[in-house]
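Text of run-v2.pdb (PDB, C-alpha atoms) as supplied:
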```
ATOM      1  CA  MET A   8       2.141   2.008  17.478
ATOM      2  CA  LYS A   9       3.311   0.775  14.071
ATOM      3  CA  ARG A  10       2.815   3.438  11.420
ATOM      4  CA  ILE A  11       2.696   2.056   7.866
ATOM      5  CA  LEU A  12       2.448   3.913   4.565
ATOM      6  CA  PHE A  13       1.739   1.926   1.385
ATOM      7  CA  VAL A  14       2.848   3.585  -1.849
ATOM      8  CA  CYS A  15       2.108   3.001  -5.528
ATOM      9  CA  HIS A  16       2.150   5.146  -8.645
ATOM     10  CA  GLY A  17      -1.237   6.886  -8.433
ATOM     11  CA  ASN A  18      -2.744   5.820  -5.068
ATOM     12  CA  ILE A  19      -5.932   4.582  -6.727
ATOM     13  CA  CYS A  20      -5.283   0.816  -7.087
ATOM     14  CA  ARG A  21      -2.515  -1.086  -5.303
ATOM     15  CA  SER A  22      -1.678   1.132  -2.335
ATOM     16  CA  PRO A  23      -5.290   1.759  -1.254
ATOM     17  CA  MET A  24      -5.970  -1.968  -1.696
ATOM     18  CA  ALA A  25      -3.038  -2.655   0.638
ATOM     19  CA  GLU A  26      -4.195   0.025   3.077
ATOM     20  CA  PHE A  27      -7.666  -1.442   3.423
ATOM     21  CA  ILE A  28      -6.576  -5.097   3.346
ATOM     22  CA  LEU A  29      -4.170  -4.508   6.231
ATOM     23  CA  LYS A  30      -6.716  -2.399   8.124
ATOM     24  CA  ALA A  31      -9.245  -5.240   7.818
ATOM     25  CA  MET A  32      -6.668  -7.780   8.981
ATOM     26  CA  VAL A  33      -5.557  -5.865  12.069
ATOM     27  CA  ARG A  34      -9.211  -5.237  12.936
ATOM     28  CA  ALA A  35      -9.991  -8.970  12.562
ATOM     29  CA  TYR A  36      -7.068  -9.899  14.829
ATOM     30  CA  GLY A  37      -7.991  -7.320  17.453
ATOM     31  CA  VAL A  38      -4.780  -5.314  17.107
ATOM     32  CA  GLU A  39      -6.232  -2.299  15.309
ATOM     33  CA  GLU A  40      -5.083   0.090  18.051
ATOM     34  CA  GLU A  41      -1.478  -1.016  17.458
ATOM     35  CA  TYR A  42      -1.437   0.213  13.844
ATOM     36  CA  TYR A  43      -1.844   3.425  11.912
ATOM     37  CA  ILE A  44      -2.129   2.731   8.169
ATOM     38  CA  GLU A  45      -2.334   5.071   5.168
ATOM     39  CA  SER A  46      -1.507   5.034   1.471
ATOM     40  CA  ALA A  47      -0.107   7.555  -0.997
ATOM     41  CA  ALA A  48       1.259   8.013  -4.536
ATOM     42  CA  VAL A  49       4.643   8.840  -5.951
ATOM     43  CA  SER A  50       3.066  10.746  -8.866
ATOM     44  CA  THR A  51       0.673  13.695  -8.964
ATOM     45  CA  GLU A  52      -1.444  12.234 -11.788
ATOM     46  CA  GLU A  53      -4.376  11.053  -9.676
ATOM     47  CA  ILE A  54      -4.282  13.497  -6.736
ATOM     48  CA  GLY A  55      -7.775  13.955  -5.339
ATOM     49  CA  ASN A  56      -9.245  11.010  -7.239
ATOM     50  CA  PRO A  57     -11.086   8.153  -5.496
ATOM     51  CA  ILE A  58     -10.089   4.504  -5.521
ATOM     52  CA  TYR A  59     -10.367   3.075  -9.038
ATOM     53  CA  PRO A  60     -13.746   1.290  -9.434
ATOM     54  CA  PRO A  61     -12.312  -2.165 -10.337
ATOM     55  CA  ALA A  62     -10.136  -1.998  -7.187
ATOM     56  CA  LYS A  63     -13.251  -1.176  -5.142
ATOM     57  CA  ARG A  64     -15.088  -4.111  -6.731
ATOM     58  CA  CYS A  65     -12.240  -6.483  -5.905
ATOM     59  CA  LEU A  66     -12.139  -5.349  -2.274
ATOM     60  CA  THR A  67     -15.922  -5.686  -2.033
ATOM     61  CA  GLN A  68     -15.858  -9.192  -3.546
ATOM     62  CA  HIS A  69     -13.444 -10.218  -0.798
ATOM     63  CA  GLY A  70     -15.460  -8.543   1.955
ATOM     64  CA  VAL A  71     -12.785  -5.923   2.635
ATOM     65  CA  PRO A  72     -14.363  -2.629   3.740
ATOM     66  CA  PHE A  73     -12.879   0.608   2.448
ATOM     67  CA  ASP A  74     -13.468   4.294   3.002
ATOM     68  CA  PRO A  75     -15.403   5.609  -0.022
ATOM     69  CA  GLN A  76     -14.076   9.086   0.841
ATOM     70  CA  LYS A  77     -10.441   7.977   0.336
ATOM     71  CA  ARG A  78      -8.712  10.291  -2.139
ATOM     72  CA  ALA A  79      -5.285   9.958  -3.730
ATOM     73  CA  ARG A  80      -2.477  12.005  -2.263
ATOM     74  CA  GLN A  81       1.227  12.245  -2.988
ATOM     75  CA  VAL A  82       3.992  11.187  -0.617
ATOM     76  CA  THR A  83       5.739  14.145   1.011
ATOM     77  CA  ALA A  84       9.160  14.454   2.604
ATOM     78  CA  ALA A  85       7.375  14.825   5.966
ATOM     79  CA  ASP A  86       5.977  11.299   5.597
ATOM     80  CA  TYR A  87       9.415   9.885   6.324
ATOM     81  CA  GLY A  88       9.175  11.167   9.883
ATOM     82  CA  ARG A  89       5.500  10.208  10.258
ATOM     83  CA  PHE A  90       5.809   6.524   9.328
ATOM     84  CA  ASP A  91       7.859   3.569  10.572
ATOM     85  CA  ARG A  92       7.594   1.670   7.298
ATOM     86  CA  ILE A  93       7.072   2.952   3.781
ATOM     87  CA  ILE A  94       6.144   0.046   1.544
ATOM     88  CA  VAL A  95       6.310   0.458  -2.233
ATOM     89  CA  MET A  96       4.658  -1.820  -4.772
ATOM     90  CA  ASP A  97       7.334  -1.913  -7.469
ATOM     91  CA  ARG A  98      10.820  -0.869  -8.534
ATOM     92  CA  SER A  99       9.493   2.182 -10.362
ATOM     93  CA  ASN A 100       7.844   3.401  -7.146
ATOM     94  CA  LEU A 101      11.159   2.844  -5.391
ATOM     95  CA  ARG A 102      13.005   5.046  -7.910
ATOM     96  CA  TRP A 103      10.352   7.789  -7.677
ATOM     97  CA  ILE A 104      10.240   7.779  -3.881
ATOM     98  CA  ARG A 105      13.989   8.255  -3.691
ATOM     99  CA  ASP A 106      13.449  11.575  -5.510
ATOM    100  CA  ILE A 107      10.746  12.641  -3.033
ATOM    101  CA  LEU A 108      12.339  11.544   0.227
ATOM    102  CA  PRO A 109      15.733  12.746   1.423
ATOM    103  CA  GLY A 110      17.363   9.315   1.640
ATOM    104  CA  ASP A 111      16.457   6.388   3.871
ATOM    105  CA  PRO A 112      18.868   6.575   6.827
ATOM    106  CA  GLU A 113      16.540   4.510   9.057
ATOM    107  CA  GLY A 114      15.848   1.748   6.510
ATOM    108  CA  LYS A 115      12.099   2.394   6.436
ATOM    109  CA  ILE A 116      11.516   1.860   2.707
ATOM    110  CA  HIS A 117      10.681  -1.699   1.641
ATOM    111  CA  MET A 118       9.304  -3.474  -1.414
ATOM    112  CA  MET A 119       5.909  -5.076  -0.732
ATOM    113  CA  MET A 120       6.787  -8.556  -1.923
ATOM    114  CA  SER A 121       9.992  -8.574   0.141
ATOM    115  CA  TYR A 122       7.790  -9.566   3.078
ATOM    116  CA  ARG A 123       7.240 -12.842   1.227
ATOM    117  CA  GLY A 124      10.964 -13.169   0.548
ATOM    118  CA  LEU A 125      10.405 -12.307  -3.111
ATOM    119  CA  SER A 126      12.220  -9.706  -5.175
ATOM    120  CA  ARG A 127       9.420  -9.119  -7.673
ATOM    121  CA  ASP A 128       6.932  -6.276  -8.093
ATOM    122  CA  VAL A 129       3.233  -6.324  -7.308
ATOM    123  CA  ALA A 130       1.903  -6.107 -10.864
ATOM    124  CA  ASP A 131      -0.007  -2.922 -11.598
ATOM    125  CA  PRO A 132      -3.633  -3.882 -12.368
ATOM    126  CA  TRP A 133      -4.085  -0.549 -14.156
ATOM    127  CA  TYR A 134      -2.061  -2.210 -16.945
ATOM    128  CA  THR A 135      -2.677  -5.931 -16.364
ATOM    129  CA  GLY A 136      -6.390  -5.700 -15.574
ATOM    130  CA  ASP A 137      -5.837  -8.557 -13.088
ATOM    131  CA  PHE A 138      -7.079  -7.086  -9.819
ATOM    132  CA  GLU A 139      -7.479 -10.551  -8.314
ATOM    133  CA  GLN A 140      -3.770 -11.375  -8.704
ATOM    134  CA  THR A 141      -2.885  -7.993  -7.210
ATOM    135  CA  PHE A 142      -5.244  -8.670  -4.303
ATOM    136  CA  GLN A 143      -3.672 -12.082  -3.658
ATOM    137  CA  ASP A 144      -0.117 -10.676  -3.783
ATOM    138  CA  ILE A 145      -0.999  -7.901  -1.343
ATOM    139  CA  LEU A 146      -2.918 -10.255   0.949
ATOM    140  CA  SER A 147      -0.027 -12.710   1.148
ATOM    141  CA  ALA A 148       2.497  -9.922   1.843
ATOM    142  CA  CYS A 149       0.238  -8.430   4.546
ATOM    143  CA  GLU A 150      -0.130 -11.877   6.156
ATOM    144  CA  ALA A 151       3.650 -12.186   6.179
ATOM    145  CA  MET A 152       4.012  -8.695   7.699
ATOM    146  CA  LEU A 153       1.736  -9.771  10.533
ATOM    147  CA  GLY A 154       3.593 -13.067  10.994
ATOM    148  CA  LEU A 155       0.686 -15.163   9.695
ATOM    149  CA  ARG A 156       2.702 -16.844   6.917
TER     150      ARG A 156
END
```
Please re-express this file's structure in C-alpha coordinates.
Amino acid sequence: MKRILFVCHGNICRSPMAEFILKAMVRAYGVEEEYYIESAAVSTEEIGNPIYPPAKRCLTQHGVPFDPQKRARQVTAADYGRFDRIIVMDRSNLRWIRDILPGDPEGKIHMMMSYRGLSRDVADPWYTGDFEQTFQDILSACEAMLGLR
(Lines of atoms letter the chains of each structure in order from A and count residues from 1; the text may use other names and numbers.)
(Lines give C-alpha, C1' and ligand atoms only; values in the text may rest on other atoms or scores of the structure.)
Protein backbone atom coordinates (compact mmCIF):
# COMPACT_ATOMS: atom_id res chain seq x y z
CA MET A 1 0.00 0.00 0.00
CA LYS A 2 1.22 3.50 -0.87
CA ARG A 3 0.72 5.87 2.04
CA ILE A 4 0.66 9.55 1.02
CA LEU A 5 0.43 12.65 3.20
CA PHE A 6 -0.22 16.02 1.54
CA VAL A 7 0.90 19.06 3.53
CA CYS A 8 0.21 22.79 3.31
CA HIS A 9 0.26 25.67 5.76
CA GLY A 10 -3.15 25.33 7.43
CA ASN A 11 -4.68 22.10 6.02
CA ILE A 12 -7.84 23.92 4.92
CA CYS A 13 -7.14 24.65 1.22
CA ARG A 14 -4.37 23.03 -0.82
CA SER A 15 -3.59 19.84 1.09
CA PRO A 16 -7.22 18.75 1.57
CA MET A 17 -7.86 19.57 -2.10
CA ALA A 18 -4.94 17.28 -2.99
CA GLU A 19 -6.16 14.60 -0.58
CA PHE A 20 -9.61 14.45 -2.11
CA ILE A 21 -8.48 14.88 -5.73
CA LEU A 22 -6.12 11.92 -5.41
CA LYS A 23 -8.71 9.86 -3.53
CA ALA A 24 -11.20 10.48 -6.35
CA MET A 25 -8.61 9.55 -8.97
CA VAL A 26 -7.55 6.27 -7.36
CA ARG A 27 -11.22 5.39 -6.86
CA ALA A 28 -11.96 6.14 -10.55
CA TYR A 29 -9.05 3.95 -11.67
CA GLY A 30 -10.03 1.09 -9.38
CA VAL A 31 -6.84 1.19 -7.32
CA GLU A 32 -8.30 2.69 -4.15
CA GLU A 33 -7.21 -0.29 -2.04
CA GLU A 34 -3.59 0.37 -3.04
CA TYR A 35 -3.52 3.84 -1.45
CA TYR A 36 -3.94 5.44 1.93
CA ILE A 37 -4.18 9.24 1.62
CA GLU A 38 -4.37 11.99 4.25
CA SER A 39 -3.51 15.66 4.59
CA ALA A 40 -2.11 17.85 7.36
CA ALA A 41 -0.71 21.31 8.19
CA VAL A 42 2.68 22.59 9.19
CA SER A 43 1.12 25.32 11.36
CA THR A 44 -1.31 25.14 14.28
CA GLU A 45 -3.38 28.13 13.09
CA GLU A 46 -6.32 26.18 11.67
CA ILE A 47 -6.28 23.01 13.81
CA GLY A 48 -9.80 21.61 14.09
CA ASN A 49 -11.21 23.82 11.34
CA PRO A 50 -13.04 22.39 8.30
CA ILE A 51 -12.01 22.78 4.68
CA TYR A 52 -12.23 26.42 3.61
CA PRO A 53 -15.58 27.04 1.84
CA PRO A 54 -14.10 28.26 -1.49
CA ALA A 55 -11.96 25.09 -1.62
CA LYS A 56 -15.11 23.01 -1.04
CA ARG A 57 -16.89 24.91 -3.81
CA CYS A 58 -14.03 24.29 -6.23
CA LEU A 59 -13.98 20.56 -5.47
CA THR A 60 -17.76 20.40 -5.86
CA GLN A 61 -17.64 22.26 -9.20
CA HIS A 62 -15.25 19.60 -10.47
CA GLY A 63 -17.31 16.72 -9.10
CA VAL A 64 -14.67 15.75 -6.54
CA PRO A 65 -16.30 14.33 -3.39
CA PHE A 66 -14.84 15.27 -0.02
CA ASP A 67 -15.47 14.36 3.58
CA PRO A 68 -17.39 17.26 5.18
CA GLN A 69 -16.11 16.03 8.56
CA LYS A 70 -12.46 16.60 7.54
CA ARG A 71 -10.73 18.81 10.11
CA ALA A 72 -7.28 20.39 9.98
CA ARG A 73 -4.51 18.69 11.89
CA GLN A 74 -0.80 19.34 12.24
CA VAL A 75 1.95 17.05 10.98
CA THR A 76 3.64 15.11 13.77
CA ALA A 77 7.04 13.46 13.95
CA ALA A 78 5.22 10.10 13.96
CA ASP A 79 3.86 10.84 10.48
CA TYR A 80 7.31 10.21 9.03
CA GLY A 81 7.01 6.55 9.95
CA ARG A 82 3.35 6.32 8.92
CA PHE A 83 3.71 7.61 5.35
CA ASP A 84 5.78 6.64 2.31
CA ARG A 85 5.57 10.10 0.75
CA ILE A 86 5.07 13.47 2.37
CA ILE A 87 4.20 16.00 -0.30
CA VAL A 88 4.40 19.72 0.49
CA MET A 89 2.80 22.49 -1.54
CA ASP A 90 5.51 25.15 -1.33
CA ARG A 91 8.99 26.06 -0.15
CA SER A 92 7.65 27.59 3.06
CA ASN A 93 5.96 24.29 3.93
CA LEU A 94 9.26 22.56 3.23
CA ARG A 95 11.11 24.82 5.69
CA TRP A 96 8.42 24.34 8.37
CA ILE A 97 8.27 20.57 7.98
CA ARG A 98 12.01 20.29 8.47
CA ASP A 99 11.45 21.77 11.95
CA ILE A 100 8.71 19.23 12.73
CA LEU A 101 10.28 16.08 11.33
CA PRO A 102 13.65 14.73 12.44
CA GLY A 103 15.31 14.84 9.02
CA ASP A 104 14.41 12.92 5.87
CA PRO A 105 16.79 9.94 5.78
CA GLU A 106 14.46 7.95 3.48
CA GLY A 107 13.83 10.77 0.98
CA LYS A 108 10.07 10.83 1.60
CA ILE A 109 9.54 14.60 1.44
CA HIS A 110 8.75 16.03 -2.01
CA MET A 111 7.43 19.26 -3.48
CA MET A 112 4.04 18.78 -5.17
CA MET A 113 4.97 20.31 -8.51
CA SER A 114 8.16 18.22 -8.70
CA TYR A 115 5.93 15.42 -10.00
CA ARG A 116 5.44 17.60 -13.08
CA GLY A 117 9.17 18.27 -13.30
CA LEU A 118 8.65 21.83 -12.08
CA SER A 119 10.45 23.60 -9.27
CA ARG A 120 7.68 26.06 -8.46
CA ASP A 121 5.16 26.22 -5.61
CA VAL A 122 1.45 25.49 -5.78
CA ALA A 123 0.16 29.02 -5.21
CA ASP A 124 -1.78 29.45 -1.99
CA PRO A 125 -5.38 30.35 -2.90
CA TRP A 126 -5.85 31.80 0.59
CA TYR A 127 -3.78 34.72 -0.76
CA THR A 128 -4.36 34.52 -4.53
CA GLY A 129 -8.08 33.76 -4.42
CA ASP A 130 -7.53 31.57 -7.50
CA PHE A 131 -8.82 28.18 -6.38
CA GLU A 132 -9.20 27.04 -9.99
CA GLN A 133 -5.48 27.47 -10.73
CA THR A 134 -4.65 25.63 -7.51
CA PHE A 135 -7.03 22.83 -8.50
CA GLN A 136 -5.43 22.52 -11.94
CA ASP A 137 -1.89 22.46 -10.50
CA ILE A 138 -2.82 19.76 -7.99
CA LEU A 139 -4.74 17.74 -10.58
CA SER A 140 -1.83 17.75 -13.02
CA ALA A 141 0.66 16.75 -10.29
CA CYS A 142 -1.65 13.94 -9.10
CA GLU A 143 -1.99 12.69 -12.69
CA ALA A 144 1.79 12.65 -12.97
CA MET A 145 2.10 10.78 -9.64
CA LEU A 146 -0.20 8.10 -11.02
CA GLY A 147 1.69 7.95 -14.33
CA LEU A 148 -1.18 9.49 -16.31
CA ARG A 149 0.88 12.40 -17.68
Taking the file above as input, evaluate the PyMOL selection byres ((chain A and resi 45) around 12) and report the hits as a ChimeraX atom specification.
/A:9-15,18,22-30,42-44,46-48,73-74,77-82,86,89-94
Write a file of the just-selected residues containing C-alpha atoms, as a tab-separated table (two decimals), in the coordinates of the input.
```tsv
chain	number	residue	atom	x	y	z
A	9	LYS	CA	3.31	0.78	14.07
A	10	ARG	CA	2.82	3.44	11.42
A	11	ILE	CA	2.70	2.06	7.87
A	12	LEU	CA	2.45	3.91	4.57
A	13	PHE	CA	1.74	1.93	1.38
A	14	VAL	CA	2.85	3.58	-1.85
A	15	CYS	CA	2.11	3.00	-5.53
A	18	ASN	CA	-2.74	5.82	-5.07
A	22	SER	CA	-1.68	1.13	-2.34
A	23	PRO	CA	-5.29	1.76	-1.25
A	24	MET	CA	-5.97	-1.97	-1.70
A	25	ALA	CA	-3.04	-2.66	0.64
A	26	GLU	CA	-4.20	0.02	3.08
A	27	PHE	CA	-7.67	-1.44	3.42
A	28	ILE	CA	-6.58	-5.10	3.35
A	29	LEU	CA	-4.17	-4.51	6.23
A	30	LYS	CA	-6.72	-2.40	8.12
A	42	TYR	CA	-1.44	0.21	13.84
A	43	TYR	CA	-1.84	3.42	11.91
A	44	ILE	CA	-2.13	2.73	8.17
A	46	SER	CA	-1.51	5.03	1.47
A	47	ALA	CA	-0.11	7.56	-1.00
A	48	ALA	CA	1.26	8.01	-4.54
A	73	PHE	CA	-12.88	0.61	2.45
A	74	ASP	CA	-13.47	4.29	3.00
A	77	LYS	CA	-10.44	7.98	0.34
A	78	ARG	CA	-8.71	10.29	-2.14
A	79	ALA	CA	-5.28	9.96	-3.73
A	80	ARG	CA	-2.48	12.00	-2.26
A	81	GLN	CA	1.23	12.24	-2.99
A	82	VAL	CA	3.99	11.19	-0.62
A	86	ASP	CA	5.98	11.30	5.60
A	89	ARG	CA	5.50	10.21	10.26
A	90	PHE	CA	5.81	6.52	9.33
A	91	ASP	CA	7.86	3.57	10.57
A	92	ARG	CA	7.59	1.67	7.30
A	93	ILE	CA	7.07	2.95	3.78
A	94	ILE	CA	6.14	0.05	1.54
```
Once the PyMOL selection byres ((chain A and resi 139) around 10) has been evaluated on this model, what residues remain selected, and can you format them as a count of residues only?
16
Between CA of Thr67 (chain A) and CA of Arg34 (chain A) lies a distance of 16.4 Å
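Pairwise distance (CA of Ala35 (chain A), CA of Ser121 (chain A)) equals 23.5 Å.
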Using only C-alpha atoms, which residue out of A:Ala130, A:Ala148, A:Ile104, A:Val95 lies closest to Met118 (chain A)?
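Of all the options, A:Val95 lies closest to Met118 (chain A).
One finds CA of Cys20 (chain A) at 10.6 Å from CA of Glu53 (chain A).
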Counting all atoms listed in the file, figure out which residue out of A:Val38, A:Met96, A:Gly17, A:Gly114 gets nearest to Leu153 (chain A).
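When distances to Leu153 (chain A) are compared using all atoms listed in the file, the smallest one comes from A:Val38.
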Considering all atoms listed in the file, state which residue in the set A:Ile19, A:Arg127, A:Ala31, A:Met152 is at the smallest distance from Tyr59 (chain A).
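Of A:Ile19, A:Arg127, A:Ala31, A:Met152, the one nearest Tyr59 (chain A) is A:Ile19, counting all atoms listed in the file.
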Would you fill the gaps in region 27-62 of chain A so it has N, CA and C atoms, then print it as a PDB file, in the frame of the given file?
```pdb
ATOM      1  N   PHE A  27      -6.419  -0.913   2.882  1.00  0.00           N
ATOM      2  CA  PHE A  27      -7.666  -1.442   3.423  1.00  0.00           C
ATOM      3  C   PHE A  27      -7.605  -2.941   3.726  1.00  0.00           C
ATOM      4  N   ILE A  28      -6.780  -3.682   3.006  1.00  0.00           N
ATOM      5  CA  ILE A  28      -6.576  -5.097   3.346  1.00  0.00           C
ATOM      6  C   ILE A  28      -5.919  -5.199   4.718  1.00  0.00           C
ATOM      7  N   LEU A  29      -4.847  -4.429   4.936  1.00  0.00           N
ATOM      8  CA  LEU A  29      -4.170  -4.508   6.231  1.00  0.00           C
ATOM      9  C   LEU A  29      -5.055  -3.972   7.352  1.00  0.00           C
ATOM     10  N   LYS A  30      -5.798  -2.909   7.098  1.00  0.00           N
ATOM     11  CA  LYS A  30      -6.716  -2.399   8.124  1.00  0.00           C
ATOM     12  C   LYS A  30      -7.737  -3.461   8.515  1.00  0.00           C
ATOM     13  N   ALA A  31      -8.271  -4.178   7.528  1.00  0.00           N
ATOM     14  CA  ALA A  31      -9.245  -5.240   7.818  1.00  0.00           C
ATOM     15  C   ALA A  31      -8.595  -6.371   8.610  1.00  0.00           C
ATOM     16  N   MET A  32      -7.358  -6.693   8.279  1.00  0.00           N
ATOM     17  CA  MET A  32      -6.668  -7.780   8.981  1.00  0.00           C
ATOM     18  C   MET A  32      -6.382  -7.415  10.437  1.00  0.00           C
ATOM     19  N   VAL A  33      -5.873  -6.231  10.683  1.00  0.00           N
ATOM     20  CA  VAL A  33      -5.557  -5.865  12.069  1.00  0.00           C
ATOM     21  C   VAL A  33      -6.829  -5.728  12.898  1.00  0.00           C
ATOM     22  N   ARG A  34      -7.913  -5.301  12.255  1.00  0.00           N
ATOM     23  CA  ARG A  34      -9.211  -5.237  12.936  1.00  0.00           C
ATOM     24  C   ARG A  34      -9.672  -6.657  13.291  1.00  0.00           C
ATOM     25  N   ALA A  35      -9.561  -7.586  12.344  1.00  0.00           N
ATOM     26  CA  ALA A  35      -9.991  -8.970  12.562  1.00  0.00           C
ATOM     27  C   ALA A  35      -9.186  -9.657  13.667  1.00  0.00           C
ATOM     28  N   TYR A  36      -7.914  -9.288  13.801  1.00  0.00           N
ATOM     29  CA  TYR A  36      -7.068  -9.899  14.829  1.00  0.00           C
ATOM     30  C   TYR A  36      -7.059  -9.117  16.141  1.00  0.00           C
ATOM     31  N   GLY A  37      -7.863  -8.066  16.212  1.00  0.00           N
ATOM     32  CA  GLY A  37      -7.991  -7.320  17.453  1.00  0.00           C
ATOM     33  C   GLY A  37      -6.784  -6.486  17.825  1.00  0.00           C
ATOM     34  N   VAL A  38      -5.976  -6.117  16.831  1.00  0.00           N
ATOM     35  CA  VAL A  38      -4.780  -5.314  17.107  1.00  0.00           C
ATOM     36  C   VAL A  38      -4.836  -3.962  16.388  1.00  0.00           C
ATOM     37  N   GLU A  39      -6.040  -3.540  16.055  1.00  0.00           N
ATOM     38  CA  GLU A  39      -6.232  -2.299  15.309  1.00  0.00           C
ATOM     39  C   GLU A  39      -5.587  -1.096  15.993  1.00  0.00           C
ATOM     40  N   GLU A  40      -5.640  -1.051  17.329  1.00  0.00           N
ATOM     41  CA  GLU A  40      -5.083   0.090  18.051  1.00  0.00           C
ATOM     42  C   GLU A  40      -3.555   0.125  18.012  1.00  0.00           C
ATOM     43  N   GLU A  41      -2.938  -0.951  17.541  1.00  0.00           N
ATOM     44  CA  GLU A  41      -1.478  -1.016  17.458  1.00  0.00           C
ATOM     45  C   GLU A  41      -0.940  -0.513  16.117  1.00  0.00           C
ATOM     46  N   TYR A  42      -1.844  -0.165  15.199  1.00  0.00           N
ATOM     47  CA  TYR A  42      -1.437   0.213  13.844  1.00  0.00           C
ATOM     48  C   TYR A  42      -2.088   1.507  13.398  1.00  0.00           C
ATOM     49  N   TYR A  43      -1.323   2.282  12.647  1.00  0.00           N
ATOM     50  CA  TYR A  43      -1.844   3.425  11.912  1.00  0.00           C
ATOM     51  C   TYR A  43      -1.429   3.183  10.464  1.00  0.00           C
ATOM     52  N   ILE A  44      -2.392   3.148   9.546  1.00  0.00           N
ATOM     53  CA  ILE A  44      -2.129   2.731   8.169  1.00  0.00           C
ATOM     54  C   ILE A  44      -2.711   3.754   7.204  1.00  0.00           C
ATOM     55  N   GLU A  45      -1.907   4.149   6.226  1.00  0.00           N
ATOM     56  CA  GLU A  45      -2.334   5.071   5.168  1.00  0.00           C
ATOM     57  C   GLU A  45      -1.750   4.592   3.842  1.00  0.00           C
ATOM     58  N   SER A  46      -2.117   5.287   2.781  1.00  0.00           N
ATOM     59  CA  SER A  46      -1.507   5.034   1.471  1.00  0.00           C
ATOM     60  C   SER A  46      -1.331   6.357   0.732  1.00  0.00           C
ATOM     61  N   ALA A  47      -0.413   6.341  -0.244  1.00  0.00           N
ATOM     62  CA  ALA A  47      -0.107   7.555  -0.997  1.00  0.00           C
ATOM     63  C   ALA A  47       0.498   7.173  -2.351  1.00  0.00           C
ATOM     64  N   ALA A  48       0.715   8.184  -3.184  1.00  0.00           N
ATOM     65  CA  ALA A  48       1.259   8.013  -4.536  1.00  0.00           C
ATOM     66  C   ALA A  48       2.630   8.643  -4.652  1.00  0.00           C
ATOM     67  N   VAL A  49       3.398   8.159  -5.622  1.00  0.00           N
ATOM     68  CA  VAL A  49       4.643   8.840  -5.951  1.00  0.00           C
ATOM     69  C   VAL A  49       4.399   9.921  -7.007  1.00  0.00           C
ATOM     70  N   SER A  50       3.350   9.770  -7.808  1.00  0.00           N
ATOM     71  CA  SER A  50       3.066  10.746  -8.866  1.00  0.00           C
ATOM     72  C   SER A  50       1.970  11.723  -8.419  1.00  0.00           C
ATOM     73  N   THR A  51       1.754  12.736  -9.232  1.00  0.00           N
ATOM     74  CA  THR A  51       0.673  13.695  -8.964  1.00  0.00           C
ATOM     75  C   THR A  51      -0.522  13.460  -9.888  1.00  0.00           C
ATOM     76  N   GLU A  52      -0.436  12.451 -10.738  1.00  0.00           N
ATOM     77  CA  GLU A  52      -1.444  12.234 -11.788  1.00  0.00           C
ATOM     78  C   GLU A  52      -2.871  12.045 -11.282  1.00  0.00           C
ATOM     79  N   GLU A  53      -3.032  11.400 -10.151  1.00  0.00           N
ATOM     80  CA  GLU A  53      -4.376  11.053  -9.676  1.00  0.00           C
ATOM     81  C   GLU A  53      -4.784  11.798  -8.403  1.00  0.00           C
ATOM     82  N   ILE A  54      -4.012  12.794  -7.986  1.00  0.00           N
ATOM     83  CA  ILE A  54      -4.282  13.497  -6.736  1.00  0.00           C
ATOM     84  C   ILE A  54      -5.751  13.940  -6.666  1.00  0.00           C
ATOM     85  N   GLY A  55      -6.386  13.585  -5.551  1.00  0.00           N
ATOM     86  CA  GLY A  55      -7.775  13.955  -5.339  1.00  0.00           C
ATOM     87  C   GLY A  55      -8.784  12.966  -5.882  1.00  0.00           C
ATOM     88  N   ASN A  56      -8.328  11.988  -6.660  1.00  0.00           N
ATOM     89  CA  ASN A  56      -9.245  11.010  -7.239  1.00  0.00           C
ATOM     90  C   ASN A  56      -9.540   9.882  -6.257  1.00  0.00           C
ATOM     91  N   PRO A  57     -10.733   9.280  -6.373  1.00  0.00           N
ATOM     92  CA  PRO A  57     -11.086   8.153  -5.496  1.00  0.00           C
ATOM     93  C   PRO A  57     -10.414   6.864  -5.944  1.00  0.00           C
ATOM     94  N   ILE A  58     -10.586   5.832  -5.161  1.00  0.00           N
ATOM     95  CA  ILE A  58     -10.089   4.504  -5.521  1.00  0.00           C
ATOM     96  C   ILE A  58     -10.720   4.107  -6.855  1.00  0.00           C
ATOM     97  N   TYR A  59      -9.923   3.507  -7.714  1.00  0.00           N
ATOM     98  CA  TYR A  59     -10.367   3.075  -9.038  1.00  0.00           C
ATOM     99  C   TYR A  59     -11.484   2.037  -8.893  1.00  0.00           C
ATOM    100  N   PRO A  60     -12.600   2.190  -9.617  1.00  0.00           N
ATOM    101  CA  PRO A  60     -13.746   1.290  -9.434  1.00  0.00           C
ATOM    102  C   PRO A  60     -13.437  -0.215  -9.471  1.00  0.00           C
ATOM    103  N   PRO A  61     -12.598  -0.725 -10.388  1.00  0.00           N
ATOM    104  CA  PRO A  61     -12.312  -2.165 -10.337  1.00  0.00           C
ATOM    105  C   PRO A  61     -11.584  -2.585  -9.043  1.00  0.00           C
ATOM    106  N   ALA A  62     -10.794  -1.692  -8.469  1.00  0.00           N
ATOM    107  CA  ALA A  62     -10.136  -1.998  -7.187  1.00  0.00           C
ATOM    108  C   ALA A  62     -11.186  -2.065  -6.083  1.00  0.00           C
TER     109      ALA A  62
END
```
